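Have a look at the structure below, then the notes.
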Amino acid sequence: KDHTIVIRGLGGGGQKALKWCQGNNIDFYAIDTGYIQPKLAKTKQYHRITKNSLQNLGPLKDFPSDRLNRLNWRPRKHRGGSYILICPPSEKVMKFYNQDLDTWMDQTIAQIKKHTDREIRIRLKPSRTERVTTNPIQSEFDDMHCLVTFNSIAATEAVLHSIPAIALAPNAASVLCSNNLRDVVRPEVPEKEDVIRYAAHLSYCQFTAQEL
């Protein structure tokens with residue numbers, strides 16, 4: 001009780017530690033996969049670290065572009081799209097938030113259908129190898145109208161590509177995306193200047209293993 005705790009990931013021990021810290025008002029630092037990896041990187045080179053939260057929730061701060069430039073990140077223009085992509089969270093994430101994944105999926109799809117008849121596609125989280133080789137999420141972005149998730153980093157990846165996103169739980173993308181499913185009808189496209197500022201901010205919220 002006299003020490004700040006560092007927790008990596010949301011495994012069983014990590015979840016117990018996080019909930020213990022929250023219940024006993026103990027500071028913790030949560031470490032997980034970084035928000036932006038270098039282009040074409042096949043391994044996790046950057047790791048995010050956040051105090052008393054699972055993701056950085058803002059507010060946005062103005063940072064220089066030096067760290068962002070190392071990642072070879074470039075802003076992109078969103079040209080609109082036809083379908084809504086749902087990126088379900090993992091079972092362990094839903095367990096941490098005391099929710100059932102199947103129930104969340106059914107309720108989310110039902111709510112979306114109340115507001116639009118657009119095609120709905122579901123992207124289950126692929127393995128790490130697939131995500132960086134044969135099945136990257138960027139392959140979904142060319143014809144995507146909007147991305148919907150609980151609190152997946154997929155929302156951040158969408159916003160970094162200037163694609164509208166809806167995150168229904170606290171998320172690093174919340175500063176530039178909606179948290180209301182009614183917005184699937186006319187989701188707000190993030191402005192280029194805001195996305196660049198957002199990307200620079202996130203680049204200062206993640207670190208290499210050597211930096212850590």
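By order in the structure tokens, chains are A, B, ...; within a chain, residues start at 1; ligands start at 1, following the order shown.
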request  = For stretch 71-84 of chain A, list every protein, DNA or RNA residue within 9 Å, evaluated using only C-alpha atoms, and leave out those in the same chain fewer than 5 positions away; present the list as a ChimeraX atom specification.
outcome  = /A:36-39,118-122,141-148,160-164,184,189,192,195-196,199,203
task = Give the strand (DSSP E) residues of stretch 69-201 of chain A, as DSSP finds them on the backbone, and put them as a ChimeraX atom specification.
result = /A:83-87,120-122,144-149,165-167
The selected residues should be written to file as a compact mmCIF listing (two decimals), in the first residue's frame (atoms: all heavy atoms).
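Output (result.txt):
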```
# COMPACT_ATOMS: atom_id res chain seq x y z
N TYR A 83 -19.63 1.14 -45.49
CA TYR A 83 -20.04 0.24 -44.43
C TYR A 83 -19.52 0.68 -43.07
O TYR A 83 -18.60 1.47 -42.93
CB TYR A 83 -19.59 -1.19 -44.72
CG TYR A 83 -18.10 -1.42 -44.70
CD1 TYR A 83 -17.45 -1.74 -43.51
CD2 TYR A 83 -17.34 -1.36 -45.87
CE1 TYR A 83 -16.09 -1.98 -43.47
CE2 TYR A 83 -15.97 -1.59 -45.84
CZ TYR A 83 -15.36 -1.90 -44.65
OH TYR A 83 -14.00 -2.12 -44.61
N ILE A 84 -20.16 0.13 -42.03
CA ILE A 84 -19.77 0.37 -40.64
C ILE A 84 -19.01 -0.86 -40.15
O ILE A 84 -19.47 -1.99 -40.31
CB ILE A 84 -21.01 0.60 -39.76
CG1 ILE A 84 -21.74 1.87 -40.20
CG2 ILE A 84 -20.63 0.69 -38.29
CD1 ILE A 84 -23.14 2.00 -39.62
N LEU A 85 -17.85 -0.63 -39.59
CA LEU A 85 -17.03 -1.74 -39.09
C LEU A 85 -17.09 -1.76 -37.57
O LEU A 85 -16.77 -0.78 -36.90
CB LEU A 85 -15.58 -1.59 -39.54
CG LEU A 85 -14.65 -2.73 -39.12
CD1 LEU A 85 -15.02 -4.01 -39.87
CD2 LEU A 85 -13.19 -2.36 -39.36
N ILE A 86 -17.50 -2.90 -37.02
CA ILE A 86 -17.49 -3.10 -35.57
C ILE A 86 -16.24 -3.90 -35.21
O ILE A 86 -15.99 -4.97 -35.75
CB ILE A 86 -18.74 -3.86 -35.08
CG1 ILE A 86 -20.00 -3.05 -35.39
CG2 ILE A 86 -18.64 -4.13 -33.59
CD1 ILE A 86 -21.28 -3.74 -34.97
N CYS A 87 -15.45 -3.35 -34.29
CA CYS A 87 -14.26 -4.04 -33.80
C CYS A 87 -14.51 -4.43 -32.34
O CYS A 87 -14.33 -3.60 -31.43
CB CYS A 87 -13.04 -3.14 -33.91
SG CYS A 87 -12.50 -2.86 -35.61
N ILE A 120 -23.21 -3.62 -42.05
CA ILE A 120 -22.40 -3.74 -40.85
C ILE A 120 -21.45 -4.92 -41.01
O ILE A 120 -21.88 -6.03 -41.33
CB ILE A 120 -23.27 -3.96 -39.60
CG1 ILE A 120 -24.19 -2.76 -39.37
CG2 ILE A 120 -22.41 -4.20 -38.36
CD1 ILE A 120 -25.20 -2.97 -38.26
N ARG A 121 -20.19 -4.67 -40.82
CA ARG A 121 -19.20 -5.74 -40.86
C ARG A 121 -18.54 -5.85 -39.48
O ARG A 121 -18.43 -4.87 -38.76
CB ARG A 121 -18.12 -5.48 -41.92
CG ARG A 121 -18.66 -5.41 -43.34
CD ARG A 121 -17.54 -5.24 -44.35
NE ARG A 121 -18.04 -5.00 -45.69
CZ ARG A 121 -17.27 -4.80 -46.76
NH1 ARG A 121 -15.95 -4.80 -46.62
NH2 ARG A 121 -17.81 -4.57 -47.95
N ILE A 122 -18.09 -7.06 -39.16
CA ILE A 122 -17.47 -7.31 -37.86
C ILE A 122 -16.05 -7.81 -38.08
O ILE A 122 -15.82 -8.73 -38.88
CB ILE A 122 -18.28 -8.34 -37.05
CG1 ILE A 122 -19.68 -7.80 -36.78
CG2 ILE A 122 -17.57 -8.66 -35.73
CD1 ILE A 122 -20.62 -8.81 -36.18
N MET A 144 -14.62 2.43 -45.61
CA MET A 144 -15.28 2.43 -44.30
C MET A 144 -15.98 3.76 -44.04
O MET A 144 -15.39 4.83 -44.19
CB MET A 144 -14.28 2.16 -43.18
CG MET A 144 -14.93 1.95 -41.82
SD MET A 144 -13.72 1.98 -40.47
CE MET A 144 -12.66 0.63 -40.95
N HIS A 145 -17.24 3.68 -43.64
CA HIS A 145 -18.00 4.87 -43.28
C HIS A 145 -17.66 5.32 -41.86
O HIS A 145 -17.49 6.52 -41.59
CB HIS A 145 -19.50 4.55 -43.37
CG HIS A 145 -20.41 5.61 -42.83
ND1 HIS A 145 -20.58 6.83 -43.45
CD2 HIS A 145 -21.19 5.63 -41.71
CE1 HIS A 145 -21.43 7.56 -42.74
NE2 HIS A 145 -21.81 6.86 -41.69
N CYS A 146 -17.53 4.32 -40.96
CA CYS A 146 -17.31 4.64 -39.55
C CYS A 146 -16.88 3.37 -38.82
O CYS A 146 -17.26 2.26 -39.22
CB CYS A 146 -18.60 5.19 -38.93
SG CYS A 146 -18.51 5.59 -37.18
N LEU A 147 -16.07 3.52 -37.79
CA LEU A 147 -15.65 2.38 -36.96
C LEU A 147 -16.33 2.49 -35.60
O LEU A 147 -16.41 3.58 -35.03
CB LEU A 147 -14.13 2.35 -36.81
CG LEU A 147 -13.55 1.18 -36.03
CD1 LEU A 147 -12.23 0.72 -36.64
CD2 LEU A 147 -13.34 1.51 -34.54
N VAL A 148 -16.81 1.35 -35.09
CA VAL A 148 -17.46 1.29 -33.78
C VAL A 148 -16.75 0.27 -32.92
O VAL A 148 -16.47 -0.85 -33.36
CB VAL A 148 -18.96 0.92 -33.92
CG1 VAL A 148 -19.59 0.76 -32.53
CG2 VAL A 148 -19.70 1.97 -34.73
N THR A 149 -16.46 0.65 -31.67
CA THR A 149 -15.82 -0.28 -30.76
C THR A 149 -16.21 0.04 -29.32
O THR A 149 -16.90 1.04 -29.07
CB THR A 149 -14.29 -0.24 -30.91
OG1 THR A 149 -13.69 -1.29 -30.13
CG2 THR A 149 -13.72 1.10 -30.46
N ALA A 165 -14.84 7.60 -35.80
CA ALA A 165 -14.93 6.45 -34.91
C ALA A 165 -15.88 6.75 -33.76
O ALA A 165 -16.09 7.91 -33.39
CB ALA A 165 -13.54 6.08 -34.37
N ILE A 166 -16.46 5.68 -33.23
CA ILE A 166 -17.30 5.78 -32.04
C ILE A 166 -16.74 4.78 -31.03
O ILE A 166 -16.67 3.58 -31.29
CB ILE A 166 -18.77 5.44 -32.35
CG1 ILE A 166 -19.35 6.45 -33.35
CG2 ILE A 166 -19.61 5.41 -31.07
CD1 ILE A 166 -20.74 6.11 -33.84
N ALA A 167 -16.31 5.29 -29.88
CA ALA A 167 -15.79 4.45 -28.79
C ALA A 167 -16.72 4.59 -27.60
O ALA A 167 -16.92 5.68 -27.09
CB ALA A 167 -14.38 4.87 -28.42
```
inquiry  = When you look at stretch 25-32 of chain A with a cut-off of 12 Å (counting only C-alpha atoms), what residues show up, excluding the ones that are within fewer than 4 positions of it in the same chain? I need them as a PyMOL selection string.
reply    = chain A and resi 1-11+14-15+17-21+36+44-56+153+205-209+212
task = Assign secondary structure with DSSP using the backbone only, and return the residues of stretch 118-203 of chain A in alpha helix (DSSP H) as number ranges by chain.
result = A: 128-132, 154-160, 192-203
Can I get the selection written as an mmCIF file, in the first residue's frame, with N, CA, C and O atoms?
```
data_model
loop_
_atom_site.group_PDB
_atom_site.id
_atom_site.type_symbol
_atom_site.label_atom_id
_atom_site.label_comp_id
_atom_site.auth_asym_id
_atom_site.auth_seq_id
_atom_site.Cartn_x
_atom_site.Cartn_y
_atom_site.Cartn_z
ATOM 1 N N ARG A 128 -1.448 -11.194 -33.533
ATOM 2 C CA ARG A 128 -0.473 -10.130 -33.769
ATOM 3 C C ARG A 128 0.208 -10.296 -35.122
ATOM 4 O O ARG A 128 0.382 -9.345 -35.866
ATOM 5 N N THR A 129 0.568 -11.528 -35.476
ATOM 6 C CA THR A 129 1.242 -11.773 -36.755
ATOM 7 C C THR A 129 0.356 -11.366 -37.922
ATOM 8 O O THR A 129 0.800 -10.708 -38.864
ATOM 9 N N GLU A 130 -0.922 -11.749 -37.885
ATOM 10 C CA GLU A 130 -1.846 -11.375 -38.955
ATOM 11 C C GLU A 130 -2.007 -9.863 -39.053
ATOM 12 O O GLU A 130 -2.066 -9.297 -40.146
ATOM 13 N N ARG A 131 -2.097 -9.183 -37.893
ATOM 14 C CA ARG A 131 -2.345 -7.741 -37.886
ATOM 15 C C ARG A 131 -1.225 -6.956 -38.549
ATOM 16 O O ARG A 131 -1.460 -5.861 -39.055
ATOM 17 N N VAL A 132 -0.007 -7.487 -38.530
ATOM 18 C CA VAL A 132 1.107 -6.737 -39.104
ATOM 19 C C VAL A 132 1.575 -7.311 -40.433
ATOM 20 O O VAL A 132 2.509 -6.781 -41.036
ATOM 21 N N ALA A 154 -8.289 0.106 -32.003
ATOM 22 C CA ALA A 154 -8.737 0.267 -33.387
ATOM 23 C C ALA A 154 -9.348 1.643 -33.618
ATOM 24 O O ALA A 154 -9.244 2.213 -34.711
ATOM 25 N N ALA A 155 -9.987 2.213 -32.588
ATOM 26 C CA ALA A 155 -10.554 3.560 -32.709
ATOM 27 C C ALA A 155 -9.448 4.578 -32.936
ATOM 28 O O ALA A 155 -9.580 5.502 -33.752
ATOM 29 N N THR A 156 -8.343 4.421 -32.223
ATOM 30 C CA THR A 156 -7.197 5.314 -32.408
ATOM 31 C C THR A 156 -6.628 5.175 -33.812
ATOM 32 O O THR A 156 -6.319 6.165 -34.476
ATOM 33 N N GLU A 157 -6.507 3.932 -34.292
ATOM 34 C CA GLU A 157 -5.975 3.706 -35.626
ATOM 35 C C GLU A 157 -6.880 4.330 -36.686
ATOM 36 O O GLU A 157 -6.389 4.883 -37.689
ATOM 37 N N ALA A 158 -8.196 4.270 -36.479
ATOM 38 C CA ALA A 158 -9.117 4.891 -37.421
ATOM 39 C C ALA A 158 -8.949 6.405 -37.423
ATOM 40 O O ALA A 158 -8.815 7.030 -38.487
ATOM 41 N N VAL A 159 -8.947 7.019 -36.251
ATOM 42 C CA VAL A 159 -8.813 8.478 -36.155
ATOM 43 C C VAL A 159 -7.494 8.942 -36.762
ATOM 44 O O VAL A 159 -7.430 9.978 -37.432
ATOM 45 N N LEU A 160 -6.422 8.175 -36.560
ATOM 46 C CA LEU A 160 -5.128 8.537 -37.136
ATOM 47 C C LEU A 160 -5.153 8.498 -38.662
ATOM 48 O O LEU A 160 -4.267 9.055 -39.315
ATOM 49 N N LYS A 192 -7.818 17.561 -40.269
ATOM 50 C CA LYS A 192 -6.420 17.179 -40.473
ATOM 51 C C LYS A 192 -5.513 17.777 -39.407
ATOM 52 O O LYS A 192 -4.646 17.085 -38.861
ATOM 53 N N GLU A 193 -5.706 19.050 -39.080
ATOM 54 C CA GLU A 193 -4.850 19.702 -38.084
ATOM 55 C C GLU A 193 -4.986 19.035 -36.714
ATOM 56 O O GLU A 193 -3.998 18.881 -35.983
ATOM 57 N N ASP A 194 -6.210 18.633 -36.373
ATOM 58 C CA ASP A 194 -6.440 17.971 -35.085
ATOM 59 C C ASP A 194 -5.801 16.591 -35.053
ATOM 60 O O ASP A 194 -5.269 16.163 -34.017
ATOM 61 N N VAL A 195 -5.858 15.886 -36.181
ATOM 62 C CA VAL A 195 -5.272 14.546 -36.246
ATOM 63 C C VAL A 195 -3.755 14.621 -36.102
ATOM 64 O O VAL A 195 -3.138 13.804 -35.403
ATOM 65 N N ILE A 196 -3.132 15.612 -36.750
ATOM 66 C CA ILE A 196 -1.677 15.775 -36.638
ATOM 67 C C ILE A 196 -1.290 16.087 -35.192
ATOM 68 O O ILE A 196 -0.332 15.525 -34.650
ATOM 69 N N ARG A 197 -2.027 16.959 -34.552
ATOM 70 C CA ARG A 197 -1.761 17.307 -33.151
ATOM 71 C C ARG A 197 -1.949 16.085 -32.252
ATOM 72 O O ARG A 197 -1.185 15.841 -31.325
ATOM 73 N N TYR A 198 -2.987 15.315 -32.549
ATOM 74 C CA TYR A 198 -3.291 14.096 -31.802
ATOM 75 C C TYR A 198 -2.164 13.077 -31.945
ATOM 76 O O TYR A 198 -1.722 12.471 -30.953
ATOM 77 N N ALA A 199 -1.675 12.887 -33.160
ATOM 78 C CA ALA A 199 -0.606 11.924 -33.409
ATOM 79 C C ALA A 199 0.676 12.333 -32.682
ATOM 80 O O ALA A 199 1.371 11.489 -32.092
ATOM 81 N N ALA A 200 0.999 13.622 -32.700
ATOM 82 C CA ALA A 200 2.192 14.094 -31.996
ATOM 83 C C ALA A 200 2.045 13.879 -30.493
ATOM 84 O O ALA A 200 2.998 13.479 -29.808
ATOM 85 N N HIS A 201 0.847 14.127 -29.976
ATOM 86 C CA HIS A 201 0.576 13.900 -28.550
ATOM 87 C C HIS A 201 0.800 12.432 -28.191
ATOM 88 O O HIS A 201 1.489 12.117 -27.210
ATOM 89 N N LEU A 202 0.234 11.526 -28.989
ATOM 90 C CA LEU A 202 0.371 10.097 -28.691
ATOM 91 C C LEU A 202 1.818 9.628 -28.785
ATOM 92 O O LEU A 202 2.226 8.714 -28.059
ATOM 93 N N SER A 203 2.591 10.242 -29.686
ATOM 94 C CA SER A 203 3.988 9.830 -29.832
ATOM 95 C C SER A 203 4.787 10.104 -28.568
ATOM 96 O O SER A 203 5.832 9.482 -28.335
#
```
key: Distance criterion (only C-alpha atoms): nearest to A:Pro88 out of A:Ser174, A:Asn180, A:Thr43, A:Thr108   = A:Thr108
Neighbour list for A:Arg182 as a list in words, cut-off 8 Å, only C-alpha atoms, skip fewer than 3 positions in-chain =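 The residues that qualify are Ile112, His115 and Val185 of chain A.
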May I have the residues from that selection written out with C-alpha atoms, as a short mmCIF file (atom, residue, chain, number, x, y, z; two decimals), in the first residue's frame?
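And here is the file that came out, result04.cif:
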```
data_model
loop_
_atom_site.label_atom_id
_atom_site.label_comp_id
_atom_site.auth_asym_id
_atom_site.auth_seq_id
_atom_site.Cartn_x
_atom_site.Cartn_y
_atom_site.Cartn_z
CA ILE A 112 -26.91 0.67 -34.95
CA HIS A 115 -30.35 4.48 -36.84
CA VAL A 185 -25.67 8.36 -39.40
#
```
